[in-house]
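*Asks:* What follows is the file coords-v7.cif, containing mmCIF, C-alpha atoms and all ligand atoms:
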data_data
#
loop_
_atom_site.label_atom_id
_atom_site.label_comp_id
_atom_site.auth_asym_id
_atom_site.auth_seq_id
_atom_site.Cartn_x
_atom_site.Cartn_y
_atom_site.Cartn_z
CA MET K 297 7.18 36.70 -165.26
CA ASN K 298 8.59 33.56 -166.78
CA ALA K 299 5.66 31.54 -165.55
CA LEU K 300 4.73 30.04 -168.86
CA THR K 301 8.26 29.02 -169.92
CA SER K 302 7.76 25.33 -169.14
CA HIS K 303 4.21 25.33 -170.50
CA ASN K 304 5.38 26.98 -173.74
CA ALA K 305 8.25 24.50 -174.06
CA ALA K 306 5.78 21.63 -173.69
CA MET K 307 3.55 23.23 -176.33
CA ARG K 308 6.50 23.53 -178.74
CA LYS K 309 7.36 19.85 -178.22
CA LEU K 310 3.78 18.78 -178.84
CA LEU K 311 3.74 20.62 -182.14
CA LEU K 312 6.41 18.20 -183.36
CA SER K 313 4.19 15.19 -182.64
CA PRO K 314 0.61 16.44 -182.42
CA ASP K 315 -1.77 14.65 -180.07
CA LYS K 316 -5.45 15.39 -180.61
CA GLU K 317 -6.55 15.37 -176.96
CA GLN K 318 -3.58 17.45 -175.74
CA PHE K 319 -4.09 19.91 -178.60
CA ARG K 320 -7.71 20.37 -177.63
CA ARG K 321 -6.69 21.08 -174.03
CA LEU K 322 -4.12 23.71 -175.06
CA VAL K 323 -6.83 25.91 -176.52
CA ASP K 324 -9.41 25.16 -173.83
CA LEU K 325 -10.04 28.70 -172.60
CA ASP K 326 -10.93 27.53 -169.10
CA ASN K 327 -7.80 25.43 -168.73
CA ILE K 328 -5.12 28.13 -169.15
CA ASP K 329 -6.27 29.97 -166.00
CA LEU K 330 -5.74 26.73 -164.05
CA VAL K 331 -2.32 26.21 -165.67
CA LEU K 332 -1.26 29.68 -164.54
CA ARG K 333 -2.56 29.06 -161.04
CA GLU K 334 -0.28 26.01 -160.83
CA LEU K 335 2.75 28.02 -161.98
CA LEU K 336 2.23 31.27 -160.08
CA THR K 337 1.23 32.27 -156.58
CA ILE K 338 -2.01 34.22 -156.25
CA GLU K 339 0.06 37.30 -155.27
CA GLU K 340 2.08 37.06 -158.50
CA MET K 341 -1.11 36.68 -160.52
CA ARG K 342 -2.61 39.72 -158.81
CA GLU K 343 0.51 41.79 -159.38
CA ALA K 344 0.51 41.03 -163.11
CA GLY K 345 -3.29 41.22 -163.24
CA SER K 346 -3.15 37.94 -165.14
CA PHE K 347 -6.60 36.42 -164.83
CA PHE K 348 -7.60 34.88 -168.15
CA THR K 349 -11.11 34.99 -169.56
CA GLY K 350 -12.97 31.66 -169.50
CA GLN K 351 -14.92 30.20 -172.41
CA LYS K 352 -18.41 31.39 -171.48
CA LEU K 353 -17.38 34.98 -170.90
CA ALA K 354 -15.11 35.04 -173.98
CA THR K 355 -18.01 33.78 -176.13
CA LYS K 356 -20.20 36.54 -174.73
CA ALA K 357 -17.57 39.26 -175.24
CA VAL K 358 -17.08 38.29 -178.90
CA ALA K 359 -20.84 37.97 -179.48
CA LEU K 360 -21.29 41.59 -178.41
CA LEU K 361 -19.12 42.78 -181.32
CA PRO K 362 -20.26 43.12 -184.94
CA VAL K 363 -19.40 40.01 -186.97
CA ILE K 364 -15.64 39.47 -187.35
CA THR K 365 -14.59 38.79 -190.96
CA SER K 366 -11.28 38.46 -192.82
CA ARG K 367 -11.43 42.23 -193.40
CA SER K 368 -11.71 43.07 -189.67
CA VAL K 369 -8.78 44.10 -187.52
CA VAL K 370 -9.32 42.86 -183.98
CA LEU K 371 -7.09 44.10 -181.15
CA ASP K 372 -6.72 42.82 -177.59
CA PRO K 373 -4.30 45.38 -176.07
CA THR K 374 -3.61 43.23 -172.96
CA CYS K 375 -3.93 39.79 -174.55
CA GLY K 376 -2.30 37.55 -171.90
CA ALA K 377 -2.18 33.97 -173.26
CA GLY K 378 -4.56 34.93 -176.06
CA ASN K 379 -7.95 33.64 -174.89
CA LEU K 380 -9.96 36.48 -176.43
CA LEU K 381 -7.99 36.35 -179.70
CA ILE K 382 -8.47 32.58 -179.95
CA GLU K 383 -12.20 33.07 -179.50
CA ALA K 384 -12.13 35.81 -182.17
CA SER K 385 -10.28 33.47 -184.57
CA ARG K 386 -13.19 31.04 -184.29
CA ALA K 387 -15.28 33.53 -186.27
CA LEU K 388 -12.79 33.25 -189.15
CA GLY K 389 -12.56 30.53 -191.79
CA VAL K 390 -9.49 28.36 -192.45
CA GLU K 391 -7.53 27.68 -195.64
CA SER K 392 -6.15 24.26 -196.53
CA THR K 393 -2.69 24.88 -195.02
CA LEU K 394 -1.35 26.35 -191.79
CA SER K 395 0.66 29.04 -193.60
CA THR K 396 -2.21 30.35 -195.74
CA THR K 397 -4.55 30.29 -192.72
CA LEU K 398 -2.08 32.20 -190.53
CA LEU K 399 -1.39 34.64 -193.36
CA ALA K 400 -5.08 35.58 -193.27
CA TRP K 401 -5.50 35.41 -189.47
CA GLY K 402 -2.30 37.41 -188.95
CA LYS K 403 -3.85 40.43 -190.63
CA VAL K 404 -6.96 40.23 -188.45
CA LEU K 405 -5.58 39.33 -185.02
CA TRP K 406 -3.61 41.97 -183.10
CA GLY K 407 -2.49 41.56 -179.50
CA PHE K 408 -0.14 43.24 -177.05
CA ASP K 409 1.16 42.22 -173.65
CA LEU K 410 4.02 43.34 -171.42
CA HIS K 411 5.27 39.78 -170.96
CA ALA K 412 7.15 37.90 -173.70
CA HIS K 413 6.02 34.52 -172.37
CA PHE K 414 2.38 35.46 -172.66
CA ILE K 415 2.93 36.64 -176.24
CA GLU K 416 4.74 33.41 -177.06
CA ALA K 417 1.86 31.43 -175.51
CA THR K 418 -0.68 33.44 -177.53
CA LYS K 419 1.11 32.70 -180.79
CA LEU K 420 1.61 29.01 -179.97
CA ARG K 421 -2.03 28.62 -179.02
CA ILE K 422 -3.23 30.35 -182.20
CA VAL K 423 -1.10 27.92 -184.22
CA VAL K 424 -2.58 25.01 -182.25
CA GLU K 425 -6.09 26.40 -182.78
CA ALA K 426 -5.55 26.52 -186.55
CA MET K 427 -4.20 22.95 -186.55
CA ASN K 428 -7.15 21.77 -184.46
CA ARG K 429 -9.33 23.05 -187.25
CA GLY K 430 -7.78 20.58 -189.68
CA VAL K 431 -5.21 22.64 -191.64
CA GLU K 432 -2.16 20.90 -193.09
CA GLN K 433 1.08 21.79 -191.24
CA ASP K 434 3.25 23.11 -194.09
CA CYS K 435 5.61 25.43 -192.18
CA ASP K 436 7.76 25.33 -189.05
CA LEU K 437 7.06 27.33 -185.90
CA ASP K 438 9.43 30.20 -186.74
CA GLU K 439 7.66 30.70 -190.06
CA ALA K 440 4.27 30.38 -188.37
CA PHE K 441 5.22 33.06 -185.81
CA GLU K 442 6.30 35.44 -188.58
CA LEU K 443 2.81 35.19 -190.01
CA LEU K 444 1.42 36.70 -186.77
CA PRO K 445 3.37 40.00 -186.84
CA ASN K 446 0.80 42.06 -184.97
CA ILE K 447 0.90 39.95 -181.81
CA LEU K 448 3.83 41.43 -179.94
CA VAL K 449 5.37 42.48 -176.66
CA LYS K 450 4.23 46.04 -176.10
CA ASP K 451 3.06 48.28 -173.28
CA ALA K 452 -0.61 48.91 -174.07
CA LEU K 453 -0.23 52.45 -172.75
CA SER K 454 2.68 53.33 -175.06
CA VAL K 455 0.51 52.89 -178.15
CA GLU K 456 -0.27 56.00 -180.20
CA LYS K 457 -3.26 57.05 -182.26
CA LEU K 458 -1.65 56.43 -185.68
CA GLU K 459 -0.96 52.78 -184.81
CA LEU K 460 -4.65 52.15 -184.20
CA GLU K 461 -6.04 53.67 -187.41
CA LYS K 462 -6.91 50.27 -188.92
CA ILE K 463 -8.51 48.74 -185.84
CA SER K 464 -12.17 47.86 -186.38
CA HIS K 465 -12.83 45.75 -183.25
CA VAL K 466 -11.35 45.85 -179.74
CA LEU K 467 -11.71 43.02 -177.25
CA MET K 468 -10.28 43.56 -173.81
CA ASN K 469 -10.05 42.26 -170.30
CA PRO K 470 -7.41 44.61 -168.87
CA PRO K 471 -5.68 44.05 -165.51
CA PHE K 472 -7.71 45.02 -162.44
CA THR K 473 -4.70 46.01 -160.33
CA ILE K 474 -4.27 49.49 -158.85
CA TRP K 475 -2.08 51.96 -160.74
CA PRO K 476 -1.24 55.63 -160.13
CA SER K 477 -3.47 57.98 -162.07
CA PRO K 478 -1.96 59.48 -165.26
CA LYS K 479 -3.28 62.78 -163.74
CA GLU K 480 -3.14 65.10 -166.74
CA ASN K 481 -6.57 65.84 -168.17
CA TYR K 482 -7.82 62.92 -166.12
CA TRP K 483 -11.00 61.95 -164.32
CA LYS K 484 -9.25 60.99 -161.08
CA GLU K 485 -6.15 61.72 -159.08
CA GLY K 486 -4.36 59.25 -156.78
CA LYS K 487 -4.63 55.51 -157.26
CA VAL K 488 -7.09 54.08 -159.75
CA ASN K 489 -8.11 50.72 -161.12
CA ALA K 490 -5.79 49.81 -164.01
CA ALA K 491 -8.74 48.60 -166.09
CA GLY K 492 -10.10 52.16 -166.08
CA ILE K 493 -6.71 53.53 -167.19
CA VAL K 494 -6.25 51.06 -170.06
CA PHE K 495 -9.87 51.42 -171.21
CA ASP K 496 -9.63 55.22 -171.07
CA HIS K 497 -6.37 55.18 -173.09
CA TYR K 498 -8.11 53.36 -175.94
CA LEU K 499 -11.24 55.52 -175.78
CA ARG K 500 -8.96 58.47 -176.49
CA LEU K 501 -7.10 56.82 -179.39
CA LEU K 502 -9.43 54.52 -181.30
CA PRO K 503 -10.98 55.71 -184.56
CA GLU K 504 -14.63 56.83 -184.68
CA ASP K 505 -17.04 53.89 -185.14
CA CYS K 506 -14.53 51.31 -183.91
CA SER K 507 -16.41 48.63 -181.93
CA ILE K 508 -15.40 47.69 -178.40
CA SER K 509 -16.31 44.83 -176.11
CA ALA K 510 -14.65 45.12 -172.72
CA ILE K 511 -14.75 42.99 -169.58
CA LEU K 512 -14.35 45.41 -166.68
CA PRO K 513 -14.49 45.23 -162.87
CA ASP K 514 -17.81 46.23 -161.33
CA VAL K 515 -16.16 49.04 -159.37
CA LEU K 516 -16.02 51.07 -162.61
CA ARG K 517 -19.76 50.61 -163.11
CA SER K 518 -20.95 51.13 -159.57
CA GLY K 519 -18.18 52.61 -157.38
CA SER K 520 -18.73 56.17 -156.22
CA ARG K 521 -15.05 57.02 -156.94
CA TYR K 522 -15.62 56.30 -160.62
CA ASP K 523 -18.44 58.76 -161.40
CA GLU K 524 -16.07 60.79 -163.55
CA PHE K 525 -14.82 57.67 -165.38
CA ARG K 526 -18.45 56.93 -166.28
CA SER K 527 -19.12 60.42 -167.52
CA PHE K 528 -15.87 60.43 -169.56
CA THR K 529 -16.90 57.10 -171.12
CA SER K 530 -20.35 58.48 -171.96
CA GLN K 531 -18.72 61.32 -173.88
CA SER K 532 -16.53 58.95 -175.87
CA MET K 533 -18.71 56.00 -176.85
CA SER K 534 -22.28 54.83 -177.25
CA ALA K 535 -22.55 51.64 -175.29
CA THR K 536 -24.64 49.11 -173.48
CA VAL K 537 -23.83 47.59 -170.11
CA GLU K 538 -24.42 44.00 -169.10
CA VAL K 539 -23.83 42.81 -165.55
CA TRP K 540 -22.05 39.43 -165.65
CA GLY K 541 -21.37 38.52 -161.98
CA ARG K 542 -18.30 36.74 -160.67
CA PHE K 543 -15.31 36.58 -163.09
CA ASN K 544 -14.83 32.86 -162.49
CA ARG K 545 -15.21 30.34 -159.68
CA LYS K 546 -11.72 31.04 -158.37
CA THR K 547 -11.67 34.83 -158.75
CA ASP K 548 -13.96 36.67 -156.38
CA VAL K 549 -14.39 39.84 -158.46
CA ASP K 550 -17.62 40.77 -160.18
CA VAL K 551 -17.37 42.04 -163.74
CA PHE K 552 -19.59 43.64 -166.35
CA LEU K 553 -19.43 43.89 -170.12
CA LEU K 554 -19.32 47.30 -171.75
CA SER K 555 -19.86 47.14 -175.49
CA GLY K 556 -20.54 49.65 -178.23
CA LYS K 557 -18.87 52.04 -180.66
CA ILE K 558 -16.55 55.00 -180.37
CA LYS K 559 -18.69 58.13 -180.77
CA THR K 560 -17.51 61.50 -179.62
CA ALA K 561 -20.87 62.92 -178.58
CA VAL K 562 -22.95 63.03 -175.44
CA ASN K 563 -24.11 59.43 -175.29
CA LEU K 564 -26.50 58.12 -172.72
CA ILE K 565 -25.12 54.94 -171.13
CA LYS K 566 -27.44 53.11 -168.76
CA TRP K 567 -25.00 51.89 -166.15
CA HIS K 568 -27.58 49.86 -164.29
CA ASN K 569 -31.10 48.57 -164.80
CA ALA K 570 -32.20 49.00 -161.21
CA GLU K 571 -35.58 50.63 -161.19
CA GLN K 572 -35.11 54.29 -160.27
CA ASN K 573 -38.04 54.97 -157.95
CA SER K 574 -39.27 58.49 -157.59
CA VAL K 575 -39.31 57.96 -153.81
CA CYS K 576 -36.19 56.65 -152.17
CA ILE K 577 -34.43 56.44 -148.81
CA SER K 578 -32.79 59.86 -149.15
CA ASP K 579 -36.28 61.48 -149.24
CA TYR K 580 -36.93 60.29 -145.68
CA PHE K 581 -33.50 59.74 -144.15
CA ASP K 582 -30.07 61.32 -143.80
CA VAL K 583 -27.42 58.79 -144.78
CA ARG K 584 -23.73 58.86 -143.80
CA THR K 585 -20.89 56.54 -142.84
CA GLY K 586 -20.13 56.06 -139.14
CA PRO K 587 -17.76 58.85 -137.99
CA LEU K 588 -15.40 56.77 -135.81
CA VAL K 589 -12.27 55.29 -137.41
CA ALA K 590 -11.13 52.68 -134.88
CA TYR K 591 -7.42 52.51 -135.75
CA ARG K 592 -7.06 56.30 -136.08
CA ASP K 593 -9.23 57.97 -133.44
CA PRO K 594 -7.59 58.17 -129.99
CA GLU K 595 -9.51 56.88 -127.00
CA ASP K 596 -9.85 60.34 -125.44
CA GLY K 597 -12.79 62.47 -124.29
CA PRO K 598 -16.19 61.41 -122.97
CA GLU K 599 -17.26 57.77 -122.97
CA TYR K 600 -20.12 56.69 -125.26
CA PRO K 601 -21.95 53.50 -126.15
CA TYR K 602 -19.98 52.27 -129.16
CA PHE K 603 -21.21 50.17 -132.09
CA TYR K 604 -19.36 48.31 -134.82
CA PRO K 605 -20.45 45.46 -137.16
CA LYS K 606 -19.52 42.48 -134.96
CA ILE K 607 -21.80 43.52 -132.09
CA CYS K 608 -24.79 44.54 -134.23
CA PRO K 609 -27.09 41.51 -134.78
CA GLN K 610 -28.83 41.37 -138.14
CA TRP K 611 -32.43 42.73 -137.86
CA GLY K 612 -31.93 43.17 -134.09
CA VAL K 613 -32.99 46.15 -131.99
CA ILE K 614 -30.40 47.48 -129.51
CA ARG K 615 -31.76 49.45 -126.55
CA GLU K 616 -28.71 49.60 -124.29
CA ALA K 617 -24.94 49.88 -124.50
CA VAL K 618 -23.01 46.72 -125.25
CA GLU K 619 -19.55 48.33 -125.23
CA MET K 620 -18.28 51.78 -124.26
CA ARG K 621 -15.47 53.82 -125.85
CA ARG K 622 -13.98 57.28 -125.38
CA PHE K 623 -14.32 59.50 -128.45
CA THR K 624 -13.87 63.22 -129.21
CA GLY K 625 -15.45 63.11 -132.70
CA LYS K 626 -19.07 63.31 -133.88
CA VAL K 627 -21.60 61.25 -131.95
CA LEU K 628 -25.10 60.52 -133.18
CA THR K 629 -28.44 60.55 -131.41
CA PRO K 630 -30.74 57.52 -131.95
CA PRO K 631 -33.12 56.29 -133.14
CA PHE K 632 -31.51 55.26 -136.40
CA VAL K 633 -30.63 52.18 -138.43
CA VAL K 634 -27.08 51.03 -139.09
CA ILE K 635 -26.24 48.92 -142.15
CA LYS K 636 -23.04 46.89 -142.44
CA ARG K 637 -20.92 48.17 -145.33
CA THR K 638 -19.46 44.75 -146.09
CA SER K 639 -21.95 42.98 -148.32
CA SER K 640 -21.77 40.46 -151.15
CA PRO K 641 -24.19 39.42 -153.90
CA SER K 642 -23.99 35.91 -152.41
CA ASP K 643 -25.43 37.14 -149.06
CA ARG K 644 -29.06 36.34 -148.36
CA ASN K 645 -29.65 39.98 -147.43
CA ARG K 646 -27.40 42.59 -149.04
CA ALA K 647 -28.32 45.30 -146.51
CA SER K 648 -27.76 43.74 -143.10
CA ALA K 649 -29.27 46.20 -140.63
CA THR K 650 -29.69 46.83 -136.90
CA LEU K 651 -31.97 49.34 -135.21
CA ILE K 652 -30.15 51.47 -132.62
CA ASN K 653 -32.63 52.85 -130.10
CA LEU K 654 -30.79 54.21 -127.03
CA ARG K 655 -31.77 57.40 -125.23
CA GLU K 656 -28.28 58.91 -125.42
CA PRO K 657 -25.73 59.84 -128.12
CA VAL K 658 -23.61 56.97 -129.40
CA ALA K 659 -20.38 56.47 -131.36
CA ILE K 660 -20.63 54.50 -134.63
CA GLU K 661 -17.67 52.96 -136.41
CA ASN K 662 -17.02 53.66 -140.08
CA HIS K 663 -17.71 50.13 -141.31
CA MET K 664 -21.38 50.93 -140.77
CA ILE K 665 -23.67 53.20 -142.78
CA VAL K 666 -25.99 55.26 -140.56
CA VAL K 667 -29.53 55.90 -141.81
CA LYS K 668 -31.29 58.45 -139.62
CA PRO K 669 -34.96 59.41 -140.13
CA LYS K 670 -35.54 63.08 -140.92
CA ASP K 671 -38.70 62.99 -138.75
CA GLY K 672 -36.72 61.49 -135.80
CA LYS K 673 -39.36 58.76 -135.31
CA LEU K 674 -38.82 55.15 -134.26
CA LYS K 675 -41.78 54.14 -136.46
CA THR K 676 -39.94 55.33 -139.57
CA CYS K 677 -36.88 53.28 -138.55
CA LYS K 678 -39.05 50.18 -138.13
CA LYS K 679 -40.52 50.70 -141.58
CA LEU K 680 -37.00 50.97 -142.97
CA MET K 681 -36.02 47.67 -141.30
CA GLN K 682 -38.92 46.01 -143.14
CA VAL K 683 -38.00 47.59 -146.47
CA LEU K 684 -34.37 46.47 -146.16
CA GLN K 685 -35.45 42.84 -145.68
CA THR K 686 -37.52 42.68 -148.86
CA LYS K 687 -36.59 40.88 -152.05
CA LYS K 688 -37.18 44.14 -153.88
CA THR K 689 -34.35 45.83 -151.93
CA ASN K 690 -32.05 42.83 -152.50
CA ASN K 691 -32.74 42.85 -156.23
CA PHE K 692 -32.17 46.60 -156.37
CA LEU K 693 -28.80 46.33 -154.60
CA ASN K 694 -27.66 43.34 -156.65
CA GLU K 695 -28.38 45.23 -159.83
CA ARG K 696 -26.83 48.49 -158.67
CA ILE K 697 -23.68 47.28 -156.92
CA ARG K 698 -21.85 43.97 -157.22
CA LEU K 699 -18.91 45.19 -155.12
CA ARG K 700 -18.24 43.61 -151.76
CA HIS K 701 -19.19 46.80 -149.94
CA LEU K 702 -22.17 49.15 -150.04
CA THR K 703 -21.84 52.88 -150.61
CA VAL K 704 -23.75 55.81 -149.14
CA GLY K 705 -24.93 56.79 -152.65
CA VAL K 706 -26.49 53.40 -153.33
CA ILE K 707 -28.21 53.24 -149.92
CA LYS K 708 -29.72 56.69 -150.56
CA ASP K 709 -31.24 55.42 -153.83
CA ILE K 710 -32.99 52.33 -152.37
CA PRO K 711 -36.71 52.62 -153.20
CA PHE K 712 -38.68 53.56 -150.05
CA VAL K 713 -42.41 53.90 -149.73
CA GLU K 714 -43.53 55.05 -146.30
CA GLU K 715 -47.08 53.68 -146.48
CA GLU K 716 -47.77 50.44 -148.36
C1 LIG N 801 -6.67 40.15 -166.97
S1 LIG N 801 -5.37 39.59 -168.03
C2 LIG N 801 -6.31 39.32 -169.48
C3 LIG N 801 -5.68 38.57 -170.57
C4 LIG N 801 -6.58 38.31 -171.78
N1 LIG N 801 -7.07 39.54 -172.35
C5 LIG N 801 -7.74 37.41 -171.40
O1 LIG N 801 -8.85 37.91 -171.31
O2 LIG N 801 -7.54 36.23 -171.16
C6 LIG N 801 -4.51 41.09 -168.29
C7 LIG N 801 -3.18 41.01 -169.03
O3 LIG N 801 -2.69 42.34 -169.16
C8 LIG N 801 -1.28 42.30 -169.19
N2 LIG N 801 -0.79 43.67 -168.94
C9 LIG N 801 -0.69 44.31 -167.74
N3 LIG N 801 -0.24 45.58 -167.94
C10 LIG N 801 -0.07 45.72 -169.28
C11 LIG N 801 0.40 46.80 -170.11
N4 LIG N 801 0.75 47.97 -169.58
N5 LIG N 801 0.46 46.59 -171.43
C12 LIG N 801 0.11 45.39 -171.98
N6 LIG N 801 -0.31 44.35 -171.25
C13 LIG N 801 -0.40 44.51 -169.92
C14 LIG N 801 -0.93 41.24 -168.15
O4 LIG N 801 0.35 40.71 -168.40
C15 LIG N 801 -2.07 40.23 -168.37
O5 LIG N 801 -1.65 39.22 -169.25
#
Translate this file's structure into structure tokens.
Ligand SMILES: C[S@@+](CC[C@H](N)C(=O)[O-])C[C@H]1O[C@@H](n2cnc3c(N)ncnc32)[C@H](O)[C@@H]1O
*Replies:*
Amino acid sequence: MNALTSHNAAMRKLLLSPDKEQFRRLVDLDNIDLVLRELLTIEEMREAGSFFTGQKLATKAVALLPVITSRSVVLDPTCGAGNLLIEASRALGVESTLSTTLLAWGKVLWGFDLHAHFIEATKLRIVVEAMNRGVEQDCDLDEAFELLPNILVKDALSVEKLELEKISHVLMNPPFTIWPSPKENYWKEGKVNAAGIVFDHYLRLLPEDCSISAILPDVLRSGSRYDEFRSFTSQSMSATVEVWGRFNRKTDVDVFLLSGKIKTAVNLIKWHNAEQNSVCISDYFDVRTGPLVAYRDPEDGPEYPYFYPKICPQWGVIREAVEMRRFTGKVLTPPFVVIKRTSSPSDRNRASATLINLREPVAIENHMIVVKPKDGKLKTCKKLMQVLQTKKTNNFLNERIRLRHLTVGVIKDIPFVEEE
């Protein structure tokens, strides 16, 4: 990960003959993400989880913390090129010279990253930030770097409790890659989102009352696999949740902000604001994913009408077979509604549905969610089709789940009133 070598070298050169406009650009929090995109392929960025927080989101993340002063100790445990630390430094004052300013900032600003070039970029950019604020350059770069001793190459997961005793504020946007679960005393086995692992590590180590503001992927807020992550978090901190939406224009991942204080108690965290109706789809329907897995299930056994997303028109009613397929697994008897699992907040209708009304059992593929009325009536299915098209349902789903796929749990909770 030497991606920033040339960029860092250019920054070092500029420090010898400062140029106002270039200096401003170096600490433009939206620009560094674009610089990285020029130097790395998207696969390399994904592997390192190196997507840097833009200005608007960084401002929001810092604003959610208590005021940062010269007595605060602010840590970003996965600091990348330092965007969140630069934003934190903007809450601090400056002295007349670079050295006295960095002496003060160096006590407040702590950052770790696995990659030396990111740490170098963070330090260089903090120096540039101080100079942009009008301090007199009275020391060379080596001396300046020594005044930032707590910004260092370190594995965020190797940190121990004692090292974090002084931390008063944590800002983080950890990587969203997939890592193996640490397993022991853990909320999930198998593979888990790295952001959950890093966040969890700090929940376990940070001192009571330490404030946190974290930018996390929506899957941790709304994914059914992360129920236990949410309950572990609720036992470790009091917090509020704010849905943010897409990370940036180029990164199609929705994020939320989780902010609050470490409190080992049973805290109530409201993970979503979607109105929780007393009557919902699960009161009237059985909900499940389609049983047929196309790549896995052999084409053996009896032949059935077979449905998958591509051949199910939105809001259409299907009364006869379009395609047939042999299948030995569970078949389902209509009438029922199928909803496509793939769904994005940018779609006009989050729950894209089709009414299946054949007089024989059918096979449904697992990229569809099957919603079958408990009373077995077509009329109830028709009512459901209307409910799914409403703005109310869209708003509910956009609040509850920003992921690019719907889950059975969320469909069950959609407000449903039989007679309106
Ligand atoms: C999503 S970026 C965020 C950077 C920065 N916090 C920001 O918001 O701009 C995540 C960073 O975590 C770093 N990282 C990944 N695994 C890490 C680990 N185990 N310890 C420390 N840093 C790590 C990556 O190198 C990357 O720079």
*Asks:* If you measure from atom CA of Arg646 of chain K to atom CA of Ile697 of chain K, what distance in Å do you get, rounded to one decimal?
*Replies:*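 One can read the atom CA of Arg646 of chain K to atom CA of Ile697 of chain K distance as 9.9 Å.
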*Asks:* Using 12 Å as the limit and counting all atoms listed in the file, can you tabulate each residue of segment 553-610 of chain K that touches segment 465-485 of chain K, with its shortest atom-to-atom distance in Å and the two atoms involved, as a tab-separated table?
*Replies:*
residue	atom	partner	partner_atom	distance
K:Leu553	CA	K:Asn469	CA	9.5
K:Leu554	CA	K:Met468	CA	10.0
K:Ser555	CA	K:Leu467	CA	9.3
K:Gly556	CA	K:His465	CA	10.0
K:Lys557	CA	K:His465	CA	9.1
K:Ile558	CA	K:His465	CA	10.4
*Asks:* Taking only C-alpha atoms and all ligand atoms into account, which of K:Asn428, K:Ser648, K:Thr355, K:Gln433 comes nearest ligand LIG 801 (chain N)?
*Replies:* K:Thr355
*Asks:* Quick one: residues within 9 Å of segment 502-516 of chain K, all atoms listed in the file, excluding same-chain residues fewer than 3 positions away - as an MDAnalysis selection string?
*Replies:* chainID K and resid 349 353 357:362 457 460:472 489 491:492 495 497:499 519:523 525:526 533 535 539 541 543 549:560 697:699
*Asks:* Residues at most 10 Å from segment 389-397 of chain K, counting only C-alpha atoms, excluding those fewer than 6 positions away in the same chain, as a VMD selection string?
*Replies:* chain K and resid 365 to 366 423 to 424 426 to 427 429 to 436 439 to 443
*Asks:* With only C-alpha atoms as the counted atoms, please give the residues lying no more than 12 Å from Lys419 of chain K, apart from itself and same-chain residues fewer than 2 positions off, as an mmCIF file with C-alpha atoms, keeping the file's coordinate frame.
*Replies:*
data_model
loop_
_atom_site.group_PDB
_atom_site.id
_atom_site.type_symbol
_atom_site.label_atom_id
_atom_site.label_comp_id
_atom_site.auth_asym_id
_atom_site.auth_seq_id
_atom_site.Cartn_x
_atom_site.Cartn_y
_atom_site.Cartn_z
ATOM 1 C CA ASN K 304 5.380 26.980 -173.740
ATOM 2 C CA MET K 307 3.550 23.230 -176.330
ATOM 3 C CA ARG K 308 6.500 23.530 -178.740
ATOM 4 C CA LEU K 322 -4.120 23.710 -175.060
ATOM 5 C CA VAL K 323 -6.830 25.910 -176.520
ATOM 6 C CA CYS K 375 -3.930 39.790 -174.550
ATOM 7 C CA GLY K 376 -2.300 37.550 -171.900
ATOM 8 C CA ALA K 377 -2.180 33.970 -173.260
ATOM 9 C CA GLY K 378 -4.560 34.930 -176.060
ATOM 10 C CA ASN K 379 -7.950 33.640 -174.890
ATOM 11 C CA LEU K 381 -7.990 36.350 -179.700
ATOM 12 C CA ILE K 382 -8.470 32.580 -179.950
ATOM 13 C CA LEU K 398 -2.080 32.200 -190.530
ATOM 14 C CA TRP K 401 -5.500 35.410 -189.470
ATOM 15 C CA GLY K 402 -2.300 37.410 -188.950
ATOM 16 C CA LEU K 405 -5.580 39.330 -185.020
ATOM 17 C CA TRP K 406 -3.610 41.970 -183.100
ATOM 18 C CA GLY K 407 -2.490 41.560 -179.500
ATOM 19 C CA PHE K 408 -0.140 43.240 -177.050
ATOM 20 C CA ASP K 409 1.160 42.220 -173.650
ATOM 21 C CA ALA K 412 7.150 37.900 -173.700
ATOM 22 C CA HIS K 413 6.020 34.520 -172.370
ATOM 23 C CA PHE K 414 2.380 35.460 -172.660
ATOM 24 C CA ILE K 415 2.930 36.640 -176.240
ATOM 25 C CA GLU K 416 4.740 33.410 -177.060
ATOM 26 C CA ALA K 417 1.860 31.430 -175.510
ATOM 27 C CA ARG K 421 -2.030 28.620 -179.020
ATOM 28 C CA ILE K 422 -3.230 30.350 -182.200
ATOM 29 C CA VAL K 423 -1.100 27.920 -184.220
ATOM 30 C CA VAL K 424 -2.580 25.010 -182.250
ATOM 31 C CA GLU K 425 -6.090 26.400 -182.780
ATOM 32 C CA ALA K 426 -5.550 26.520 -186.550
ATOM 33 C CA LEU K 437 7.060 27.330 -185.900
ATOM 34 C CA ASP K 438 9.430 30.200 -186.740
ATOM 35 C CA GLU K 439 7.660 30.700 -190.060
ATOM 36 C CA ALA K 440 4.270 30.380 -188.370
ATOM 37 C CA PHE K 441 5.220 33.060 -185.810
ATOM 38 C CA GLU K 442 6.300 35.440 -188.580
ATOM 39 C CA LEU K 443 2.810 35.190 -190.010
ATOM 40 C CA LEU K 444 1.420 36.700 -186.770
ATOM 41 C CA PRO K 445 3.370 40.000 -186.840
ATOM 42 C CA ASN K 446 0.800 42.060 -184.970
ATOM 43 C CA ILE K 447 0.900 39.950 -181.810
ATOM 44 C CA LEU K 448 3.830 41.430 -179.940
ATOM 45 C CA VAL K 449 5.370 42.480 -176.660
#
*Asks:* For atom CA of Lys450 of chain K and atom C4 of ligand LIG 801 (chain N), quote the distance in Å rounded to one decimal.
*Replies:* 14.0 Å
